[in-house]
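Colleague: Structure file structure.tsv, TSV, C-alpha atoms, is pasted below:
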chain	number	residue	atom	x	y	z
A	1	MET	CA	95.28	77.72	90.16
A	2	LEU	CA	94.84	79.65	86.93
A	3	SER	CA	92.89	76.87	85.18
A	4	ASN	CA	90.18	77.14	87.85
A	5	ASP	CA	90.06	80.92	87.44
A	6	LEU	CA	90.11	81.15	83.63
A	7	ILE	CA	87.02	81.71	81.48
A	8	CYS	CA	87.39	81.20	77.74
A	9	GLY	CA	85.03	83.17	75.53
A	10	ALA	CA	82.35	85.81	75.86
A	11	LEU	CA	79.57	83.21	76.03
A	12	ALA	CA	81.18	81.54	79.05
A	13	ALA	CA	81.71	84.95	80.68
A	14	ALA	CA	78.06	85.79	80.02
A	15	THR	CA	76.95	82.54	81.63
A	16	TYR	CA	79.20	83.17	84.63
A	17	THR	CA	78.00	86.75	85.17
A	18	GLY	CA	74.36	86.27	84.20
A	19	LEU	CA	74.64	88.86	81.42
A	20	GLU	CA	73.94	88.57	77.71
A	21	PRO	CA	76.95	87.81	75.47
A	22	ARG	CA	76.35	91.08	73.59
A	23	THR	CA	76.62	92.94	76.90
A	24	ILE	CA	79.97	91.26	77.61
A	25	TYR	CA	81.30	92.39	74.21
A	26	ARG	CA	80.01	95.93	74.79
A	27	LEU	CA	81.56	96.17	78.26
A	28	CYS	CA	84.88	94.93	76.88
A	29	ALA	CA	84.76	97.47	74.03
A	30	GLN	CA	84.13	100.24	76.59
A	31	ASP	CA	87.00	98.95	78.80
A	32	TYR	CA	84.72	98.16	81.74
A	33	LEU	CA	85.78	94.51	81.90
A	34	PRO	CA	89.32	93.16	82.24
A	35	TYR	CA	90.11	90.68	79.48
A	36	VAL	CA	92.86	89.39	77.25
A	37	ARG	CA	92.34	88.85	73.53
A	38	LEU	CA	94.27	86.04	71.86
A	39	GLY	CA	93.37	85.86	68.21
A	40	HIS	CA	89.58	86.04	68.03
A	41	ARG	CA	89.07	84.74	71.58
A	42	LEU	CA	88.50	86.69	74.75
A	43	PHE	CA	89.77	85.31	78.04
A	44	PHE	CA	88.60	86.43	81.47
A	45	ARG	CA	89.54	85.61	85.04
A	46	LYS	CA	86.65	84.79	87.35
A	47	SER	CA	88.42	86.60	90.19
A	48	GLU	CA	88.72	89.80	88.13
A	49	LEU	CA	85.09	89.64	87.00
A	50	ASP	CA	84.00	89.13	90.62
A	51	GLN	CA	86.11	92.08	91.71
A	52	THR	CA	84.80	94.27	88.88
A	53	PHE	CA	81.15	93.58	89.65
A	54	ALA	CA	81.63	93.81	93.42
A	55	GLY	CA	82.31	97.54	93.11
A	56	VAL	CA	79.62	98.36	90.55
A	57	SER	CA	76.33	100.06	91.27
A	58	GLN	CA	73.57	100.86	88.84
A	59	LYS	CA	72.30	104.45	88.75
A	60	GLY	CA	69.70	105.57	86.26
A	61	GLY	CA	70.30	102.65	83.91
A	62	ALA	CA	74.02	103.36	83.48
A	63	ILE	CA	76.72	101.17	84.91
A	64	THR	CA	79.11	103.14	87.07
A	65	SER	CA	82.10	102.10	89.08
A	66	GLY	CA	84.17	103.95	91.64
A	67	SER	CA	87.40	102.37	90.43
A	68	GLN	CA	88.42	100.41	87.39
A	69	SER	CA	90.97	97.63	87.21
A	70	SER	CA	94.34	98.51	85.76
A	71	SER	CA	94.56	95.11	84.06
A	72	LYS	CA	91.96	95.98	81.42
A	73	GLY	CA	92.39	95.88	77.82
A	74	GLY	CA	92.77	94.17	74.57
A	75	MET	CA	96.13	92.72	73.90
A	76	ALA	CA	96.34	92.29	70.15
Would you write out, as structure tokens, the structure that this file holds?
Modeller:
Amino acid sequence: MLSNDLICGALAAATYTGLEPRTIYRLCAQDYLPYVRLGHRLFFRKSELDQTFAGVSQKGGAITSGSQSSSKGGMA
């Protein structure tokens, strides 16, 4: 069910992922995280965040990923 998969806000996404809220905003701005923007709010799906971070490795301090989700991006 979508309600069990939905995360509302960068702070909630940060808590879910273990990252800082500022990092969530930065990753969204760089199109590394799939999200939907409605007004001033960001919405995330837990399943998409899990999938995004499952394929990420850290090399030399930079986050790299072999493939990026096609459902990225800020809907205005």
Colleague: Identify which of the residues A:Gly18, A:Leu2, A:Leu11, A:Gln51 lies closest to Pro34 of chain A, counting only C-alpha atoms when measuring atom-to-atom distances.
Modeller: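 Using only C-alpha atoms, Pro34 of chain A sits closest to A:Gln51.
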Colleague: I'd like the neighbourhood of His40 of chain A as a PyMOL selection string, where a residue qualifies if any of its atoms comes within 10 Å (using all atoms listed in the file), though same-chain residues fewer than 2 positions away should be ignored.
Modeller: chain A and resi 9+37-38+42+76
Colleague: Could you tell me which of A:Tyr16, A:Asp5, A:Glu48, A:Phe53 comes closest to Tyr35 of chain A if we count all atoms listed in the file?
Modeller: A:Glu48
Colleague: In Å to one decimal, how far is atom CA of Asn4 of chain A from atom CA of Arg22 of chain A?
Modeller: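 The value is 24.3 Å.
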Colleague: Report the distance between atom CA of Pro21 of chain A and atom CA of Val36 of chain A in Å, rounded to one decimal place.
Modeller: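 Spanning atom CA of Pro21 of chain A to atom CA of Val36 of chain A is a straight-line distance of 16.1 Å.
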Colleague: Rounded to one decimal place, report the atom CA of Arg26 of chain A-atom CA of Ser3 of chain A distance in Å.
Modeller: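 Taking atom CA of Arg26 of chain A as the start and atom CA of Ser3 of chain A as the end point, the length is 25.2 Å.
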